[in-house]
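First the structure, in the form of structure tokens, and then the observations on it.
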Amino acid sequence: MRAKHTHVSSGRPTLVAALLSVVLFCLSGAASAAETRYQVDLSERAMQQVTIEARFTEVTGDTLDFHLPIWRSGLYLVLDFVGTVSGMEVSDGNGEALVFEQTAKSSWRVSRPDSGSGDVVVRYRVYANSLTDRTRHVDADHAFLNPAAVFIYADQHRDLPIDVSMDLPDGWRAASGMEQPAQGRFVAPHYDRLVDSPIEAGIFDLVTFEAAGMTVDFMIHGIWDGDEERLANDMSALVEATAEVFAASDTGLPTDYYLFMLHSGDGLGGGTEYYNSTLVHTDPRAFWDEDRWQGFLGLMAHEFFHTWNVKRFRPASIDRYDYQSINYTELLWVAEGLTSYYDQLLPVRAGLVPVDDYRDQLADAVSSVVDAPGYNQDTLARASLEAWTKGFHRGADRAPDKANRTVSFYSQGGLLGLVLDLEIRRMSNGDRSLDTVMTALYDDFPLGGGGFTYADFRERLAAAGGDALAEQLDSWVYDTQPLPLADALQSIGWLLDREDTSEDPVQVSLDASLRGNPPVVSSPRLDGAAWNAGINAGDELVALDGARIGSNLDALLRRYSPGDEVEFSLFRDGRLRTVPVTLTPVRGDHELEVDEEASEPVRRMRTDWLGGVEEDAEE
């Protein structure tokens with residue numbers, strides 16, 4: 001067993017830690033009396049409503065500008081948090097009403113009778129019924145508050161201490177990455193840390209263990225299998241494998257405490273990283289289904305790796321967030337893409353996912369990237385920059401064509417990470433790796449120090465893998481030159497090929513994006529048979545050469561050969577149409593096989609890359 005685990009009855013701190021936190025908080029208060037205090041009233045939780053009082057102390061000046069963020073970290077999308085705010089009132093420290101006005105979508109200005117020092121108190125309601133986007137959700141059973149979605153901030157108080165107090169119902173407790181001097185009370189050094197520390201309150205399970213020099217709490221709200229031992233063992237193995245990536249760092253651990261927050265419920269999925277915590281959603285079936293459990297482990301690995309990549313070092317353009325505007329960067333392929341590379345690899349290094357399963361995952365990732373229509377059109381730098389306008393844009397105006405014109409900085413960035421890692425290992429005879437580059441970024445660009453640029457990343461890549469690799473990086477990031485995936489994988493004795501497609505020889509390039517009865521086309525693939533024939537997104541497919549189409553399109557196509565012309569009957573705008581389509585050959589999905597003739601040095605490099613896991617033991 002890798003770790004001890006136990007239910008604990010209180011949130012984060014031990015008694016010593018709690019006392020120390022109080023002392024530090026008092027010392028910080030002695031240095032500066034000004035702070036922001038939030039009081040959270042959960043008395044109307046059954047109506048999914050929370051009332052918040054924000055007190056900005058020792059305000060000076062004739063006016064005070066305050067705001068609610070328009071986005072949350074980890075999601076590159078503008079959101080309307082202010083849309084669920086109501087009943088706003090503003091007063092001074094004595095309860096006297098102050099005049100205020102809304103100055104922008106999510107901003108207000110308070111007028112004060114004089115410029116002397118005094119408190120400004122803002123009281124407002126938040127309707128909290130938005131769980132799937134991980135922003136705010138309150139009901140009779142629990143309260144989840146993502147601070148960016150619910151807590152206003154004042155410009156002149158953004159860098160001052162924070163104090164949050166919650167009126168917890170009987171039997172409830174609270175958890176957050178912030179210090180918790182007393183149950184339901186949290187303190188943070190400034191608003192940026194508050195925003196990076198989601199809060200969960202209610203009745204939940206908590207499993208605690210030690211791993212890689214950290215105390216780790218794993219909080220579960222919802223349905224799970226109750227297997228504390230497996231949870232603690234698997235999560236501690238992931239924590240240790242991740243810390244090992246940065247083992248050569250001069251900086252040390254990013255935190256001595258970490259909180260995994262899990263909501264488990266039907267249809268839930270995804271996760272978001274924070275300063276020393278993560279919020280992850282999962283369908284409860286992950287606890288009983290091995291394939292889903294492997295996906296769950298990958299998600300956990302992704303969010304925990306962000307504790308270093310993004311939460312301790314990040315691109316210069318987003319080193320300090322602007323909560324009122326889009327935060328552009330061309331480096332999301334580093335922040336998210338390289339993290340995606342590690343989230344598949346780390347569960348293998350931790351001994352939790354068999355190597356042959358990982359090989360299948362890599363083959364699927366290759367197909368999803370290389371066969372995407374946007375692969376030879378979009379660049380990783382542009383995809384990163386346009387994450388807000390294209391990658392996460394929800395509008396129907398461009399959704400059907402998204403896959404045709406863009407690439408994923410997550411998955412393609414992950415495959416770039418694979419190429420860089422294996423090439424660095426090859427060039428250095430295994431002395432260095434992508435771990436070396438990530439560790440250099442961690443040591444050289446601490447959070448708040450200005451962040452790193454593309455040139456900074458390129459320089460550290462050159463130091464690890466040579467100038468030629470750094471020069472090649474330009475064409476993979478700022479141009480559409482294909483990634484040398486087959487060569488990279490062959491360097492560790494894996495052979496990349498295509499699967500046999502003899503049983504399904506033709507395709508109409510609809511990406512199997514069919515739904516409903518009749519099926520509705522959601523996105524024809526660029527330059528595919530359906531695209532070239534003029535089949536559009538939204539068309540209702542009725543028949544193929546007179547045979548009704550249901551879920552059996554693939555079966556109907558098996559009687560044809562490439563080059564055959566068929567007739568699709570479809571409804572568009574309520575009218576029946578017939579569209580001739582010339583069928584094209586199918587490209588098989590990628591597959592990875594072991595090169596049985598690989599040399600001993602190649603096999604050794606593969607074993608080192610996999611963290612010492614012997615592949616033969618897994619097959």
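Ordered as shown in the structure tokens, chains take letters A, B, and onward, while each chain numbers its residues from 1 and ligands are numbered from 1 in the order shown.
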Q. Which of segment 257-387 of chain A counts as alpha helix (DSSP H) under DSSP, as a PyMOL selection string please?
A. chain A and resi 290-305+332+339-349+355-370+380-385
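Residues surrounding segment 439-443 of chain A within 9 Å are A:Val245, A:Phe246, A:Ala247, A:Ala248, A:Ser249, A:Asp250, A:Thr251, A:Gly252, A:Trp308, A:Asn309, A:Arg312, A:Phe313, A:Arg314, A:Phe452, A:Asp456, A:Phe457, A:Arg460 [only C-alpha atoms; sequence separation below 6 positions excluded].
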Near Thr584 of chain A, counting only C-alpha atoms, which residues have an atom at most 7 Å away, once you skip same-chain residues fewer than 6 positions from it, shown as a compact mmCIF listing (two decimals) with N, CA, C and O atoms, in the first residue's frame?
# COMPACT_ATOMS: atom_id res chain seq x y z
N VAL A 506 -15.64 2.20 -48.08
CA VAL A 506 -15.99 3.54 -48.54
C VAL A 506 -16.55 4.37 -47.39
O VAL A 506 -16.93 3.86 -46.34
N GLN A 507 -16.58 5.68 -47.63
CA GLN A 507 -17.09 6.60 -46.61
C GLN A 507 -17.73 7.80 -47.29
O GLN A 507 -17.44 8.10 -48.46
N VAL A 508 -18.59 8.48 -46.55
CA VAL A 508 -19.16 9.73 -47.04
C VAL A 508 -18.64 10.92 -46.26
O VAL A 508 -19.05 12.05 -46.47
N ALA A 529 -16.59 13.29 -49.28
CA ALA A 529 -17.62 12.99 -50.29
C ALA A 529 -18.89 13.79 -50.04
O ALA A 529 -19.47 14.36 -50.97
N PRO A 562 -15.16 2.31 -53.74
CA PRO A 562 -14.73 3.69 -54.00
C PRO A 562 -15.00 4.07 -55.45
O PRO A 562 -14.77 3.30 -56.38
N GLY A 563 -15.51 5.29 -55.63
CA GLY A 563 -15.84 5.77 -56.96
C GLY A 563 -17.28 5.57 -57.36
O GLY A 563 -17.76 6.20 -58.33
Got a sec: who's within 9 Å of Glu44 of chain A, counting only C-alpha atoms, leaving out chain neighbours fewer than 5 positions off, as a PDB file with all heavy atoms, in the first residue's frame?
ATOM      1  N   GLN A  49     -30.261  29.817  -4.005  1.00  0.00           N
ATOM      2  CA  GLN A  49     -29.892  31.215  -3.912  1.00  0.00           C
ATOM      3  C   GLN A  49     -28.949  31.427  -2.744  1.00  0.00           C
ATOM      4  O   GLN A  49     -29.104  30.847  -1.675  1.00  0.00           O
ATOM      5  CB  GLN A  49     -31.146  32.082  -3.723  1.00  0.00           C
ATOM      6  CG  GLN A  49     -30.884  33.573  -3.662  1.00  0.00           C
ATOM      7  CD  GLN A  49     -32.163  34.362  -3.758  1.00  0.00           C
ATOM      8  OE1 GLN A  49     -32.706  34.569  -4.843  1.00  0.00           O
ATOM      9  NE2 GLN A  49     -32.672  34.813  -2.617  1.00  0.00           N
ATOM     10  N   VAL A  50     -27.927  32.256  -2.946  1.00  0.00           N
ATOM     11  CA  VAL A  50     -26.979  32.586  -1.893  1.00  0.00           C
ATOM     12  C   VAL A  50     -26.873  34.107  -1.830  1.00  0.00           C
ATOM     13  O   VAL A  50     -26.927  34.792  -2.858  1.00  0.00           O
ATOM     14  CB  VAL A  50     -25.592  31.945  -2.159  1.00  0.00           C
ATOM     15  CG1 VAL A  50     -25.027  32.375  -3.494  1.00  0.00           C
ATOM     16  CG2 VAL A  50     -24.607  32.274  -1.053  1.00  0.00           C
ATOM     17  N   THR A  51     -26.773  34.642  -0.627  1.00  0.00           N
ATOM     18  CA  THR A  51     -26.588  36.080  -0.446  1.00  0.00           C
ATOM     19  C   THR A  51     -25.171  36.333   0.048  1.00  0.00           C
ATOM     20  O   THR A  51     -24.687  35.645   0.959  1.00  0.00           O
ATOM     21  CB  THR A  51     -27.601  36.643   0.559  1.00  0.00           C
ATOM     22  OG1 THR A  51     -28.929  36.441   0.049  1.00  0.00           O
ATOM     23  CG2 THR A  51     -27.374  38.129   0.768  1.00  0.00           C
ATOM     24  N   ASP A 139     -27.771  23.989  -3.414  1.00  0.00           N
ATOM     25  CA  ASP A 139     -29.085  23.394  -3.170  1.00  0.00           C
ATOM     26  C   ASP A 139     -29.147  22.922  -1.732  1.00  0.00           C
ATOM     27  O   ASP A 139     -28.266  23.244  -0.924  1.00  0.00           O
ATOM     28  CB  ASP A 139     -29.391  22.264  -4.173  1.00  0.00           C
ATOM     29  CG  ASP A 139     -28.396  21.114  -4.118  1.00  0.00           C
ATOM     30  OD1 ASP A 139     -27.735  20.924  -3.064  1.00  0.00           O
ATOM     31  OD2 ASP A 139     -28.279  20.378  -5.119  1.00  0.00           O
ATOM     32  N   ALA A 140     -30.172  22.158  -1.412  1.00  0.00           N
ATOM     33  CA  ALA A 140     -30.359  21.735  -0.024  1.00  0.00           C
ATOM     34  C   ALA A 140     -29.238  20.840   0.474  1.00  0.00           C
ATOM     35  O   ALA A 140     -29.012  20.726   1.683  1.00  0.00           O
ATOM     36  CB  ALA A 140     -31.697  21.012   0.117  1.00  0.00           C
TER      37      ALA A 140
END
**Q.** Within 12 Å of Asp205 of chain A using only C-alpha atoms, minus same-chain residues under 3 positions, as a ChimeraX atom specification
**A.** /A:6-11,172-175,200-202,208,217-228,260-264
Would you export the selected residues with C-alpha atoms as a PDB file, in the first residue's frame, please?
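See result.pdb below for the written result:
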ATOM      1  CA  THR A   6      -8.444   7.987   6.753  1.00  0.00           C
ATOM      2  CA  HIS A   7     -11.689   9.885   6.971  1.00  0.00           C
ATOM      3  CA  VAL A   8     -11.176  13.194   8.717  1.00  0.00           C
ATOM      4  CA  SER A   9     -13.912  15.126  10.411  1.00  0.00           C
ATOM      5  CA  SER A  10     -12.638  18.617   9.722  1.00  0.00           C
ATOM      6  CA  GLY A  11     -11.517  20.390   6.578  1.00  0.00           C
ATOM      7  CA  TRP A 172     -22.064  20.675   7.137  1.00  0.00           C
ATOM      8  CA  ARG A 173     -18.363  21.264   6.708  1.00  0.00           C
ATOM      9  CA  ALA A 174     -16.362  23.143   4.092  1.00  0.00           C
ATOM     10  CA  ALA A 175     -13.269  22.493   1.998  1.00  0.00           C
ATOM     11  CA  GLU A 200     -17.300  23.199  -1.448  1.00  0.00           C
ATOM     12  CA  ALA A 201     -19.614  23.002   1.555  1.00  0.00           C
ATOM     13  CA  GLY A 202     -22.008  20.283   2.619  1.00  0.00           C
ATOM     14  CA  THR A 208      -6.537  11.883   3.409  1.00  0.00           C
ATOM     15  CA  ASP A 217      -7.189  15.501   0.772  1.00  0.00           C
ATOM     16  CA  PHE A 218      -9.593  13.861  -1.651  1.00  0.00           C
ATOM     17  CA  MET A 219     -13.145  15.163  -1.231  1.00  0.00           C
ATOM     18  CA  ILE A 220     -16.097  13.357  -2.834  1.00  0.00           C
ATOM     19  CA  HIS A 221     -19.615  14.739  -3.144  1.00  0.00           C
ATOM     20  CA  GLY A 222     -21.966  12.277  -4.775  1.00  0.00           C
ATOM     21  CA  ILE A 223     -22.035   8.588  -5.628  1.00  0.00           C
ATOM     22  CA  TRP A 224     -18.869   6.497  -5.520  1.00  0.00           C
ATOM     23  CA  ASP A 225     -17.833   2.943  -4.657  1.00  0.00           C
ATOM     24  CA  GLY A 226     -16.393   3.821  -1.235  1.00  0.00           C
ATOM     25  CA  ASP A 227     -13.101   2.012  -1.925  1.00  0.00           C
ATOM     26  CA  GLU A 228     -10.833   4.324   0.035  1.00  0.00           C
ATOM     27  CA  PHE A 260      -8.857  17.044  -4.998  1.00  0.00           C
ATOM     28  CA  MET A 261     -12.535  18.062  -5.137  1.00  0.00           C
ATOM     29  CA  LEU A 262     -14.832  15.592  -6.891  1.00  0.00           C
ATOM     30  CA  HIS A 263     -18.468  15.923  -7.904  1.00  0.00           C
ATOM     31  CA  SER A 264     -19.784  12.526  -8.974  1.00  0.00           C
TER      32      SER A 264
END
(Q) Give me the residues near segment 281-295 of chain A as a PyMOL selection string, where near means some atom within 12 Å (using only C-alpha atoms) and where sequence neighbours in that chain fewer than 3 positions away do not count. (A) chain A and resi 131-134+219-228+230-231+234-235+238+260-273+278+298-303+343-348+351-354+357-358+361
Q) Using only C-alpha atoms, which of the listed residues (A:Asn376, A:Thr406, A:Ser384, A:Ser340) sits closest to Gln481 of chain A? A) A:Asn376
Q. Which parts of segment 28-170 of chain A does DSSP call strand (DSSP E) when run on the backbone here, written out as a ChimeraX atom specification?
A. /A:36-41,49-59,63-67,85-92,99-104,107-111,118-127,129-130,136-138,142-145,153-154,162-166
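You will find atom CA of Ala399 of chain A at 16.0 Å from atom CA of Ile535 of chain A.
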Q.
Give me the residues near Leu380 of chain A as a ChimeraX atom specification, where near means some atom within 6 Å (using only C-alpha atoms) and where sequence neighbours in that chain fewer than 3 positions away do not count.
A. /A:383,409,477
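Closest approach to Lys402 of chain A from the set A:Leu461, A:Leu489, A:Ser523, A:Lys311 is made by A:Ser523, with distances taken over only C-alpha atoms.
Separating atom CA of Lys105 of chain A from atom CA of Ala149 of chain A is a distance of 14.0 Å.
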